[in-house]
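Colleague: File work-v8.tsv follows (TSV, C-alpha atoms and all ligand atoms):
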chain	number	residue	atom	x	y	z
A	4	MET	CA	152.12	55.45	254.75
A	5	LYS	CA	155.54	55.34	253.12
A	6	SER	CA	157.53	58.37	252.19
A	7	GLY	CA	160.70	59.25	250.33
A	8	ASN	CA	162.83	62.33	249.88
A	9	ILE	CA	163.86	63.00	246.33
A	10	VAL	CA	166.43	65.62	245.37
A	11	LEU	CA	166.93	66.72	241.79
A	12	ILE	CA	170.33	67.97	240.74
A	13	GLY	CA	171.91	68.67	237.39
A	14	GLN	CA	173.24	71.27	235.06
A	15	THR	CA	171.24	74.40	234.59
A	16	ASN	CA	168.56	74.14	231.90
A	17	SER	CA	168.52	70.32	231.95
A	18	GLY	CA	164.84	70.34	232.86
A	19	LYS	CA	164.79	69.69	236.62
A	20	SER	CA	161.97	72.11	237.33
A	21	SER	CA	160.00	70.84	234.34
A	22	LEU	CA	160.28	67.32	235.73
A	23	VAL	CA	159.10	68.42	239.16
A	24	ASN	CA	156.07	70.05	237.56
A	25	LYS	CA	155.31	66.94	235.53
A	26	ILE	CA	155.47	64.67	238.57
A	27	MET	CA	153.33	67.09	240.55
A	28	GLY	CA	150.82	67.44	237.73
A	29	GLN	CA	150.84	71.18	238.26
A	30	ARG	CA	153.19	74.07	237.84
A	31	VAL	CA	154.96	74.54	241.14
A	32	SER	CA	158.47	75.17	239.93
A	33	LEU	CA	159.57	77.92	237.65
A	34	VAL	CA	160.74	76.92	234.22
A	35	SER	CA	162.68	79.02	231.78
A	36	ARG	CA	164.53	78.59	228.54
A	37	LYS	CA	167.21	80.80	230.10
A	38	LYS	CA	169.87	79.40	232.36
A	39	GLN	CA	169.86	79.50	236.14
A	40	SER	CA	166.15	80.01	236.56
A	41	THR	CA	165.80	78.17	239.85
A	42	THR	CA	167.61	79.95	242.65
A	43	PHE	CA	166.58	78.17	245.82
A	44	ASN	CA	165.84	74.68	247.04
A	45	GLN	CA	162.13	74.26	246.79
A	46	LYS	CA	160.23	71.45	248.47
A	47	VAL	CA	156.94	70.03	247.22
A	48	TYR	CA	154.82	67.05	248.26
A	49	LYS	CA	152.99	64.54	246.16
A	50	LYS	CA	151.01	61.52	247.27
A	51	PHE	CA	150.56	58.48	245.08
A	52	SER	CA	148.16	56.22	247.04
A	53	GLU	CA	150.24	54.86	249.93
A	54	ASN	CA	153.46	56.54	248.84
A	55	GLU	CA	154.42	60.09	249.46
A	56	PHE	CA	157.24	61.93	247.79
A	57	ILE	CA	158.92	64.98	249.17
A	58	ILE	CA	160.55	66.43	246.09
A	59	GLN	CA	163.26	69.03	246.21
A	60	ASP	CA	164.09	71.11	243.16
A	61	THR	CA	167.49	72.82	243.26
A	62	PRO	CA	169.36	75.48	241.30
A	63	GLY	CA	171.35	74.04	238.44
A	64	PHE	CA	175.07	73.58	238.31
A	65	PHE	CA	176.22	76.53	236.31
A	66	SER	CA	179.35	76.19	234.28
A	67	SER	CA	179.52	79.61	232.72
A	68	ARG	CA	182.17	81.94	234.00
A	69	LYS	CA	179.66	84.72	234.10
A	70	LYS	CA	179.00	85.44	237.72
A	71	ILE	CA	175.48	85.25	239.00
A	72	ASN	CA	174.78	88.09	241.31
A	73	ASN	CA	171.68	86.76	242.91
A	74	ASN	CA	172.40	86.54	246.59
A	75	ILE	CA	169.65	84.09	247.42
A	76	ILE	CA	171.08	81.34	245.30
A	77	SER	CA	171.39	78.17	247.38
A	78	SER	CA	173.62	75.16	247.01
A	79	PRO	CA	172.15	72.32	244.99
A	80	LEU	CA	173.98	69.86	247.20
A	81	ALA	CA	172.65	71.10	250.52
A	82	GLU	CA	169.89	68.52	250.79
A	83	ILE	CA	171.72	65.41	249.69
A	84	GLU	CA	172.28	64.05	253.19
A	85	THR	CA	168.61	63.82	254.09
A	86	SER	CA	167.52	62.36	250.78
A	87	ASP	CA	166.60	58.79	249.89
A	88	LEU	CA	166.76	59.23	246.18
A	89	ILE	CA	168.80	61.51	243.96
A	90	TYR	CA	167.79	62.28	240.40
A	91	VAL	CA	170.74	63.51	238.35
A	92	VAL	CA	169.08	65.22	235.40
A	93	VAL	CA	170.94	65.46	232.10
A	94	ASP	CA	169.80	67.10	228.86
A	95	ILE	CA	170.26	64.30	226.35
A	96	SER	CA	169.89	66.61	223.38
A	97	LEU	CA	173.25	68.21	224.18
A	98	ARG	CA	176.45	66.54	223.17
A	99	ILE	CA	177.84	64.46	226.04
A	100	ASN	CA	180.50	66.49	227.80
A	101	ASN	CA	182.40	66.24	231.02
A	102	GLU	CA	180.10	68.49	233.03
A	103	TYR	CA	178.28	65.51	234.50
A	104	LYS	CA	181.60	64.36	235.99
A	105	LYS	CA	181.62	67.41	238.22
A	106	ILE	CA	178.26	66.38	239.56
A	107	ILE	CA	179.39	62.81	240.12
A	108	ASN	CA	182.52	64.02	241.88
A	109	SER	CA	180.58	66.20	244.24
A	110	LEU	CA	178.12	63.42	244.92
A	111	GLU	CA	180.66	60.71	245.52
A	112	ASN	CA	181.78	61.88	248.91
A	113	LYS	CA	178.30	62.88	249.98
A	114	ILE	CA	176.17	59.84	249.36
A	115	GLU	CA	175.79	57.00	251.82
A	116	LYS	CA	172.74	54.87	251.36
A	117	GLN	CA	170.97	57.01	248.79
A	118	GLN	CA	169.98	55.63	245.43
A	119	VAL	CA	171.12	57.66	242.46
A	120	PHE	CA	169.01	57.66	239.30
A	121	LEU	CA	170.32	59.16	236.10
A	122	ILE	CA	167.52	60.92	234.27
A	123	LEU	CA	168.12	61.39	230.57
A	124	ASN	CA	165.67	64.18	229.86
A	125	LYS	CA	164.38	65.68	226.60
A	126	ILE	CA	164.23	62.38	224.68
A	127	ASP	CA	161.53	64.00	222.54
A	128	LYS	CA	164.31	66.03	220.93
A	129	VAL	CA	166.55	63.16	219.84
A	130	LYS	CA	166.50	59.93	217.83
A	131	LYS	CA	166.28	56.56	219.58
A	132	ASP	CA	169.87	55.73	218.62
A	133	LYS	CA	171.14	58.65	220.62
A	134	VAL	CA	169.16	57.49	223.67
A	135	LEU	CA	170.59	53.99	223.40
A	136	GLY	CA	174.10	55.36	222.93
A	137	ALA	CA	173.75	57.56	225.99
A	138	ILE	CA	172.45	54.70	228.12
A	139	LYS	CA	175.46	52.64	227.07
A	140	PHE	CA	177.82	55.51	227.78
A	141	TYR	CA	176.50	56.34	231.24
A	142	SER	CA	176.11	52.69	232.27
A	143	LYS	CA	179.83	52.58	232.94
A	144	GLU	CA	179.37	55.02	235.79
A	145	LYS	CA	178.88	52.86	238.86
A	146	ILE	CA	177.26	55.62	240.85
A	147	PHE	CA	174.01	55.37	238.88
A	148	ASN	CA	171.72	52.66	240.21
A	149	GLU	CA	169.25	53.10	237.35
A	150	ILE	CA	168.96	55.10	234.14
A	151	PHE	CA	165.64	56.54	232.97
A	152	PRO	CA	165.14	58.11	229.55
A	153	ILE	CA	162.25	60.54	229.88
A	154	SER	CA	160.65	63.66	228.48
A	155	SER	CA	159.41	66.23	230.94
A	156	LEU	CA	157.64	67.86	228.02
A	157	THR	CA	155.59	64.94	226.69
A	158	GLY	CA	155.58	62.94	229.92
A	159	GLU	CA	157.14	59.89	228.31
A	160	GLY	CA	158.83	57.63	230.85
A	161	ILE	CA	157.54	59.52	233.89
A	162	THR	CA	155.10	56.81	235.05
A	163	ASN	CA	157.90	54.29	234.99
A	164	LEU	CA	160.18	56.62	236.92
A	165	ILE	CA	157.54	57.15	239.61
A	166	LYS	CA	156.89	53.40	239.81
A	167	PHE	CA	160.56	52.69	240.47
A	168	SER	CA	160.95	55.59	242.85
A	169	LYS	CA	158.16	54.19	245.03
A	170	LYS	CA	160.41	51.26	245.88
A	171	PHE	CA	162.62	53.61	247.82
A	172	THR	CA	160.00	55.08	250.04
A	173	VAL	CA	160.17	53.98	253.66
A	174	LYS	CA	157.52	53.50	256.31
A	175	THR	CA	156.83	56.68	258.19
A	176	SER	CA	154.36	57.95	260.68
A	177	LEU	CA	154.06	61.50	259.51
A	178	LYS	CA	152.65	63.35	262.47
A	179	SER	CA	152.16	66.71	260.92
A	180	LYS	CA	150.98	66.46	257.37
A	181	PRO	CA	151.75	69.50	255.25
A	182	SER	CA	148.63	71.57	254.74
A	183	SER	CA	149.50	72.30	251.16
A	184	ASN	CA	151.56	70.45	248.60
A	185	ILE	CA	153.96	73.31	248.27
A	186	GLN	CA	156.13	74.33	251.15
A	187	ILE	CA	158.13	77.35	250.29
A	188	LYS	CA	158.13	80.78	251.67
A	189	LYS	CA	155.52	82.72	249.79
A	190	LYS	CA	157.73	85.80	249.69
A	191	LEU	CA	160.44	83.86	247.93
A	192	PHE	CA	157.98	82.23	245.59
A	193	TYR	CA	156.41	85.52	244.50
A	194	SER	CA	159.89	86.95	243.94
A	195	GLU	CA	160.77	84.00	241.78
A	196	VAL	CA	157.69	84.41	239.62
A	197	THR	CA	158.60	88.01	238.88
A	198	ARG	CA	162.21	87.06	238.28
A	199	GLU	CA	161.03	84.47	235.78
A	200	LYS	CA	159.10	87.13	233.88
A	201	ILE	CA	162.18	89.39	233.82
A	202	LEU	CA	164.12	86.44	232.41
A	203	ASP	CA	161.45	85.99	229.75
A	204	LYS	CA	161.32	89.58	228.65
A	205	ILE	CA	164.76	91.04	229.13
A	206	HIS	CA	167.89	89.77	227.59
A	207	ARG	CA	171.57	89.91	228.26
A	208	GLU	CA	172.89	89.93	231.78
A	209	ILE	CA	170.33	92.16	233.46
A	210	PRO	CA	168.11	89.39	234.86
A	211	TYR	CA	171.14	87.89	236.57
A	212	GLN	CA	172.22	91.17	238.05
A	213	CYS	CA	169.02	92.12	239.73
A	214	ASP	CA	167.31	90.93	242.85
A	215	VAL	CA	163.57	90.76	243.25
A	216	VAL	CA	162.56	91.36	246.84
A	217	THR	CA	159.01	90.87	248.07
A	218	GLU	CA	158.74	93.64	250.64
A	219	LYS	CA	155.21	93.20	251.85
A	220	ILE	CA	152.20	90.94	251.41
A	221	ASN	CA	148.74	92.14	252.45
A	222	LYS	CA	145.89	89.68	252.44
A	223	VAL	CA	142.42	91.14	252.40
A	224	ALA	CA	139.44	88.82	251.93
A	225	SER	CA	139.87	87.14	248.57
A	226	GLN	CA	142.60	89.50	247.43
A	227	ILE	CA	146.34	89.64	247.94
A	228	LYS	CA	148.40	92.80	247.63
A	229	ILE	CA	152.05	92.18	246.90
A	230	TYR	CA	154.75	94.85	246.98
A	231	GLN	CA	158.03	94.04	245.28
A	232	SER	CA	161.26	95.87	244.58
A	233	ILE	CA	163.53	95.02	241.72
A	234	VAL	CA	166.97	96.07	242.90
A	235	VAL	CA	169.45	96.88	240.16
A	236	LYS	CA	173.05	97.97	240.14
A	237	ARG	CA	173.06	100.47	237.33
A	238	GLN	CA	170.90	103.33	236.20
A	239	SER	CA	171.01	101.91	232.65
A	240	HIS	CA	169.53	98.63	233.90
A	241	LYS	CA	166.85	100.56	235.70
A	242	ASN	CA	165.92	102.37	232.50
A	243	ILE	CA	165.66	99.14	230.53
A	244	LEU	CA	163.54	97.48	233.20
A	245	ILE	CA	161.15	100.39	233.32
A	246	GLY	CA	161.00	100.80	229.55
A	247	LYS	CA	159.38	103.56	227.52
A	248	LYS	CA	156.83	105.28	229.74
A	249	GLY	CA	156.94	102.29	232.07
A	250	SER	CA	155.86	99.85	229.38
A	251	MET	CA	158.38	97.13	230.22
A	252	LEU	CA	157.67	97.20	233.93
A	253	LYS	CA	153.99	97.03	233.16
A	254	GLU	CA	154.48	93.96	230.97
A	255	ILE	CA	156.58	92.22	233.61
A	256	GLY	CA	154.05	93.09	236.29
A	257	GLN	CA	151.09	91.85	234.29
A	258	ALA	CA	152.72	88.53	233.46
A	259	SER	CA	153.80	87.99	237.05
A	260	ARG	CA	150.42	88.96	238.46
A	261	LYS	CA	148.62	86.54	236.14
A	262	GLU	CA	150.91	83.69	237.13
A	263	ILE	CA	150.54	84.34	240.86
A	264	ALA	CA	146.77	84.68	240.48
A	265	ARG	CA	146.60	81.32	238.72
A	266	PHE	CA	148.59	79.75	241.51
A	267	GLU	CA	146.69	81.34	244.39
A	268	ASN	CA	143.32	81.35	242.71
A	269	LYS	CA	142.75	84.82	244.11
A	270	LYS	CA	142.73	88.35	242.81
A	271	ILE	CA	146.27	89.72	242.94
A	272	HIS	CA	147.41	93.32	243.06
A	273	LEU	CA	151.09	93.55	242.31
A	274	PHE	CA	153.09	96.71	242.90
A	275	LEU	CA	156.54	96.74	241.33
A	276	PHE	CA	159.26	99.28	242.07
A	277	VAL	CA	162.68	99.48	240.49
A	278	LYS	CA	165.38	100.58	242.89
A	279	LEU	CA	169.02	101.36	242.44
A	280	ALA	CA	171.23	99.53	244.91
A	281	LYS	CA	173.25	101.99	246.94
A	282	GLU	CA	176.73	101.01	245.96
A	283	LYS	CA	176.29	97.86	247.99
A	284	LYS	CA	177.04	94.64	246.18
A	285	ILE	CA	173.96	92.66	245.28
B	301	LIG	N1	161.96	69.52	224.37
B	301	LIG	C1	162.01	69.48	225.71
B	301	LIG	N2	162.26	70.60	226.41
B	301	LIG	C2	162.31	70.51	227.76
B	301	LIG	C3	162.13	69.27	228.44
B	301	LIG	N3	162.28	69.50	229.76
B	301	LIG	C4	162.53	70.82	229.89
B	301	LIG	N4	162.56	71.44	228.70
B	301	LIG	C5	162.82	72.87	228.43
B	301	LIG	O1	164.14	73.15	228.88
B	301	LIG	C6	164.23	74.48	229.43
B	301	LIG	C7	164.80	74.43	230.83
B	301	LIG	O2	163.90	73.79	231.68
B	301	LIG	P1	163.90	74.00	233.28
B	301	LIG	O3	162.94	73.00	233.82
B	301	LIG	O4	163.74	75.42	233.63
B	301	LIG	O5	165.40	73.55	233.60
B	301	LIG	P2	166.14	73.55	235.02
B	301	LIG	O6	167.04	72.37	235.01
B	301	LIG	O7	165.16	73.64	236.12
B	301	LIG	O8	167.02	74.87	234.91
B	301	LIG	P3	167.69	75.76	236.12
B	301	LIG	O9	166.62	76.01	237.13
B	301	LIG	O10	168.13	76.99	235.42
B	301	LIG	O11	168.81	74.96	236.66
B	301	LIG	C8	162.82	75.04	229.36
B	301	LIG	O12	162.71	75.83	228.20
B	301	LIG	C9	161.93	73.79	229.25
B	301	LIG	O13	160.71	74.04	228.62
B	301	LIG	C10	161.87	68.08	227.65
B	301	LIG	O14	161.71	66.96	228.12
B	301	LIG	N5	161.83	68.27	226.30
B	302	MG	MG	164.98	75.00	237.60
Would you mind writing the file out in structure tokens?
Ligand SMILES: Nc1nc2c(ncn2[C@@H]2O[C@H](COP(=O)(O)OP(=O)(O)OP(=O)(O)O)[C@@H](O)[C@H]2O)c(=O)[nH]1
Ligand SMILES: [Mg+2]

Modeller:
Amino acid sequence: MKSGNIVLIGQTNSGKSSLVNKIMGQRVSLVSRKKQSTTFNQKVYKKFSENEFIIQDTPGFFSSRKKINNNIISSPLAEIETSDLIYVVVDISLRINNEYKKIINSLENKIEKQQVFLILNKIDKVKKDKVLGAIKFYSKEKIFNEIFPISSLTGEGITNLIKFSKKFTVKTSLKSKPSSNIQIKKKLFYSEVTREKILDKIHREIPYQCDVVTEKINKVASQIKIYQSIVVKRQSHKNILIGKKGSMLKEIGQASRKEIARFENKKIHLFLFVKLAKEKKI
């Protein structure tokens, strides 16, 4: 058996989580059209015959000055040292700007033997000329060992990316195989699902200024009871989250419950509470 650690980094919204899901062939990472949807480093496993990938999704580099208040946000660079392969994911449909330089700069003094692949994602959104131009442009950056134009939406280029990535797996004697292909704390995962639904349904800054905390999980036979608090800073945010006669909270809860049920393949009871943080910074 050969295995390789892959870490995905890149600007927020570039499609890192979408790529993880595409490689996995199932939805394990949360995807959102809003920025900063991934907030912690999530590890998943995927076996392709004799090769195993341990894939780490990370929160995106966020350039906006708007401060994210989520206190569980982890550093996208934390796992670089133990990785074999780094995918730097760029949204090719955006105009090339200097944001990628920040990522290169922070990588430069961290990488040793790791291979760095530049992933030009969202090629389904642009003309071929733009792809060729981008390849030419980024080729001058020595840090990239390979460049892969792909679409995490259509799947174009993914097979090729996996094929190349296999070359950088190394022989291992994995003693304790993971029992499931997803290794994240369930509490965190359930919180993230609900947070994703808040992102989907509520606009402006509220989703970034609230924390979703999974307080308790009760497993009974084929059912799971999940108790979550949404902690907000302001009464006005609380009102918006709850909505008219609780309609918004109900919508968020239903969407989250469905998603968790699909993932767990069990009946889910989800209890959501909105709490006001007691003057403490969240
Ligand atoms: N057209 C198109 N859209 C894509 C592609 N990949 C991702 N998206 C969309 O881009 C948005 C952001 O995708 P995510 O996978 O959440 O991006 P991310 O890099 O994980 O974002 P953060 O977790 O916030 O850093 C979502 O609306 C995706 O559906 C692609 O190849 N083509
Ligand atoms: Mg993400």

Colleague: For stretch 54-59 of chain A, work out the shell of residues within 6 Å, counting all atoms listed in the file and skipping chain neighbours fewer than 3 positions away, then give it as a list of chain:residue names.

Modeller: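 That gives A:Lys5, A:Ser6, A:Gly7, A:Asn8, A:Ile9, A:Val10, A:Gln45, A:Lys46, A:Val47, A:Tyr48, A:Lys49, A:Lys50, A:Phe51.
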
Colleague: Check which residues fall inside 7 Å of ligand MG 302 (chain B) when counting only C-alpha atoms and all ligand atoms, and print them as a list of chain:residue names.

Modeller: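 Residues lying within 7 Å of ligand MG 302 (chain B): A:Thr15, A:Asn16, A:Gly18, A:Lys19, A:Ser20, A:Ser32, A:Leu33, A:Val34, A:Gln39, A:Ser40, A:Thr41, A:Asp60, A:Thr61, A:Pro62, A:Gly63.
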
Colleague: Could the residues in this selection be written to a file with C-alpha atoms, as an mmCIF file, in the frame of the given file?

Modeller:
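Written file, out.cif:
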data_model
loop_
_atom_site.group_PDB
_atom_site.id
_atom_site.type_symbol
_atom_site.label_atom_id
_atom_site.label_comp_id
_atom_site.auth_asym_id
_atom_site.auth_seq_id
_atom_site.Cartn_x
_atom_site.Cartn_y
_atom_site.Cartn_z
ATOM 1 C CA THR A 15 171.240 74.400 234.590
ATOM 2 C CA ASN A 16 168.560 74.140 231.900
ATOM 3 C CA GLY A 18 164.840 70.340 232.860
ATOM 4 C CA LYS A 19 164.790 69.690 236.620
ATOM 5 C CA SER A 20 161.970 72.110 237.330
ATOM 6 C CA SER A 32 158.470 75.170 239.930
ATOM 7 C CA LEU A 33 159.570 77.920 237.650
ATOM 8 C CA VAL A 34 160.740 76.920 234.220
ATOM 9 C CA GLN A 39 169.860 79.500 236.140
ATOM 10 C CA SER A 40 166.150 80.010 236.560
ATOM 11 C CA THR A 41 165.800 78.170 239.850
ATOM 12 C CA ASP A 60 164.090 71.110 243.160
ATOM 13 C CA THR A 61 167.490 72.820 243.260
ATOM 14 C CA PRO A 62 169.360 75.480 241.300
ATOM 15 C CA GLY A 63 171.350 74.040 238.440
#

Colleague: What box, with edges along x, y and z, holds each listed atom of stretch 230-240 of chain A when 5 Å is added on every side, and can you state its centre and edge lengths in Å to one decimal, as JSON?

Modeller:
{"center_x": 163.9, "center_y": 98.7, "center_z": 239.8, "size_x": 28.3, "size_y": 19.3, "size_z": 24.3}

Colleague: Smallest atom-to-atom distance to A:Pro210: which of A:Ile227, A:Leu123, A:Ile255, A:Ile89, using only C-alpha atoms?

Modeller: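 When distances to A:Pro210 are compared using only C-alpha atoms, the smallest one comes from A:Ile255.
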
Colleague: Step by step, measure atom-to-atom distances between ligand LIG 301 (chain B) and each residue using all atoms listed in the file, keep those at most 10 Å, then write them as a ChimeraX atom specification.

Modeller: /A:11-25,32-43,60-65,79,92-96,123-129,152-159,199

Colleague: Please identify all polymer residues within 7 Å of A:Val119, counting all atoms listed in the file, omitting same-chain residues fewer than 3 positions from it, and present them as a PDB file with C-alpha atoms, in the frame of the given file.

Modeller:
ATOM      1  CA  LEU A  88     166.760  59.230 246.180  1.00  0.00           C
ATOM      2  CA  ILE A  89     168.800  61.510 243.960  1.00  0.00           C
ATOM      3  CA  TYR A  90     167.790  62.280 240.400  1.00  0.00           C
ATOM      4  CA  ILE A 146     177.260  55.620 240.850  1.00  0.00           C
ATOM      5  CA  PHE A 147     174.010  55.370 238.880  1.00  0.00           C
ATOM      6  CA  ASN A 148     171.720  52.660 240.210  1.00  0.00           C
TER       7      ASN A 148
END

Colleague: Could you state the separation of atom CA of A:Ile165 and atom CA of A:Tyr193 in Å, given to one decimal place?

Modeller: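 Calculated distance between atom CA of A:Ile165 and atom CA of A:Tyr193 is 28.8 Å.
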
Colleague: What gap, in Å, lies between atom CA of A:Glu53 and atom CA of A:Ile150?

Modeller: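 If I compute the distance from atom CA of A:Glu53 to atom CA of A:Ile150, I get 24.5 Å.
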
Colleague: Kindly give the distance, in Å, that separates atom CA of A:Ala258 and atom CA of A:Lys190, rounded to a single decimal.

Modeller: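 Taking atom CA of A:Ala258 and atom CA of A:Lys190, their separation equals 17.2 Å.
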
Colleague: Of the candidates A:Arg98, A:His240, A:Lys228, A:Lys253, which shows the shortest atom-to-atom distance to A:Leu273, using only C-alpha atoms?

Modeller: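 When distances to A:Leu273 are compared using only C-alpha atoms, the smallest one comes from A:Lys228.
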
Colleague: Pick out the closest residue to A:Leu97 from this set: A:Ala137, A:Ile271, A:Leu244, A:Ile114. Count only C-alpha atoms.

Modeller: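 Closest candidate: A:Ala137.
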
Colleague: Restore N, CA and C atoms in stretch 208-232 of chain A and list the result as a CSV table (one decimal), keeping the file's coordinate frame.

Modeller:
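Final output, saved to result_14.csv:
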chain,number,residue,atom,x,y,z
A,208,GLU,N,172.5,90.3,230.4
A,208,GLU,CA,172.9,89.9,231.8
A,208,GLU,C,172.0,90.5,232.8
A,209,ILE,N,171.1,91.4,232.4
A,209,ILE,CA,170.3,92.2,233.5
A,209,ILE,C,169.6,91.2,234.4
A,210,PRO,N,168.9,90.2,233.9
A,210,PRO,CA,168.1,89.4,234.9
A,210,PRO,C,169.0,88.8,235.9
A,211,TYR,N,170.3,88.5,235.6
A,211,TYR,CA,171.1,87.9,236.6
A,211,TYR,C,171.7,88.9,237.5
A,212,GLN,N,171.6,90.2,237.2
A,212,GLN,CA,172.2,91.2,238.0
A,212,GLN,C,171.2,92.0,238.8
A,213,CYS,N,170.0,91.4,238.9
A,213,CYS,CA,169.0,92.1,239.7
A,213,CYS,C,168.4,91.2,240.8
A,214,ASP,N,168.0,91.7,241.8
A,214,ASP,CA,167.3,90.9,242.8
A,214,ASP,C,165.8,91.4,242.9
A,215,VAL,N,165.0,90.4,243.0
A,215,VAL,CA,163.6,90.8,243.2
A,215,VAL,C,163.2,90.5,244.7
A,216,VAL,N,162.8,91.5,245.4
A,216,VAL,CA,162.6,91.4,246.8
A,216,VAL,C,161.1,91.6,247.1
A,217,THR,N,160.4,90.6,247.7
A,217,THR,CA,159.0,90.9,248.1
A,217,THR,C,159.0,91.6,249.4
A,218,GLU,N,158.6,92.8,249.4
A,218,GLU,CA,158.7,93.6,250.6
A,218,GLU,C,157.6,93.4,251.6
A,219,LYS,N,156.4,93.2,251.0
A,219,LYS,CA,155.2,93.2,251.8
A,219,LYS,C,154.1,92.4,251.2
A,220,ILE,N,153.4,91.6,252.0
A,220,ILE,CA,152.2,90.9,251.4
A,220,ILE,C,151.0,91.3,252.3
A,221,ASN,N,150.0,91.8,251.7
A,221,ASN,CA,148.7,92.1,252.4
A,221,ASN,C,147.6,91.3,252.0
A,222,LYS,N,147.0,90.5,252.9
A,222,LYS,CA,145.9,89.7,252.4
A,222,LYS,C,144.6,90.3,252.9
A,223,VAL,N,143.7,90.6,252.0
A,223,VAL,CA,142.4,91.1,252.4
A,223,VAL,C,141.3,90.3,251.7
A,224,ALA,N,140.5,89.7,252.5
A,224,ALA,CA,139.4,88.8,251.9
A,224,ALA,C,140.0,87.9,250.8
A,225,SER,N,139.4,88.1,249.6
A,225,SER,CA,139.9,87.1,248.6
A,225,SER,C,140.9,87.8,247.7
A,226,GLN,N,141.6,88.8,248.2
A,226,GLN,CA,142.6,89.5,247.4
A,226,GLN,C,143.9,89.5,248.1
A,227,ILE,N,145.0,89.5,247.3
A,227,ILE,CA,146.3,89.6,247.9
A,227,ILE,C,147.1,90.8,247.3
A,228,LYS,N,147.6,91.7,248.1
A,228,LYS,CA,148.4,92.8,247.6
A,228,LYS,C,149.9,92.5,247.9
A,229,ILE,N,150.6,92.5,246.8
A,229,ILE,CA,152.0,92.2,246.9
A,229,ILE,C,152.9,93.4,246.5
A,230,TYR,N,153.9,93.7,247.3
A,230,TYR,CA,154.8,94.8,247.0
A,230,TYR,C,156.2,94.3,246.8
A,231,GLN,N,156.7,94.6,245.6
A,231,GLN,CA,158.0,94.0,245.3
A,231,GLN,C,159.0,95.1,244.8
A,232,SER,N,160.2,95.0,245.2
A,232,SER,CA,161.3,95.9,244.6
A,232,SER,C,162.2,95.0,243.7
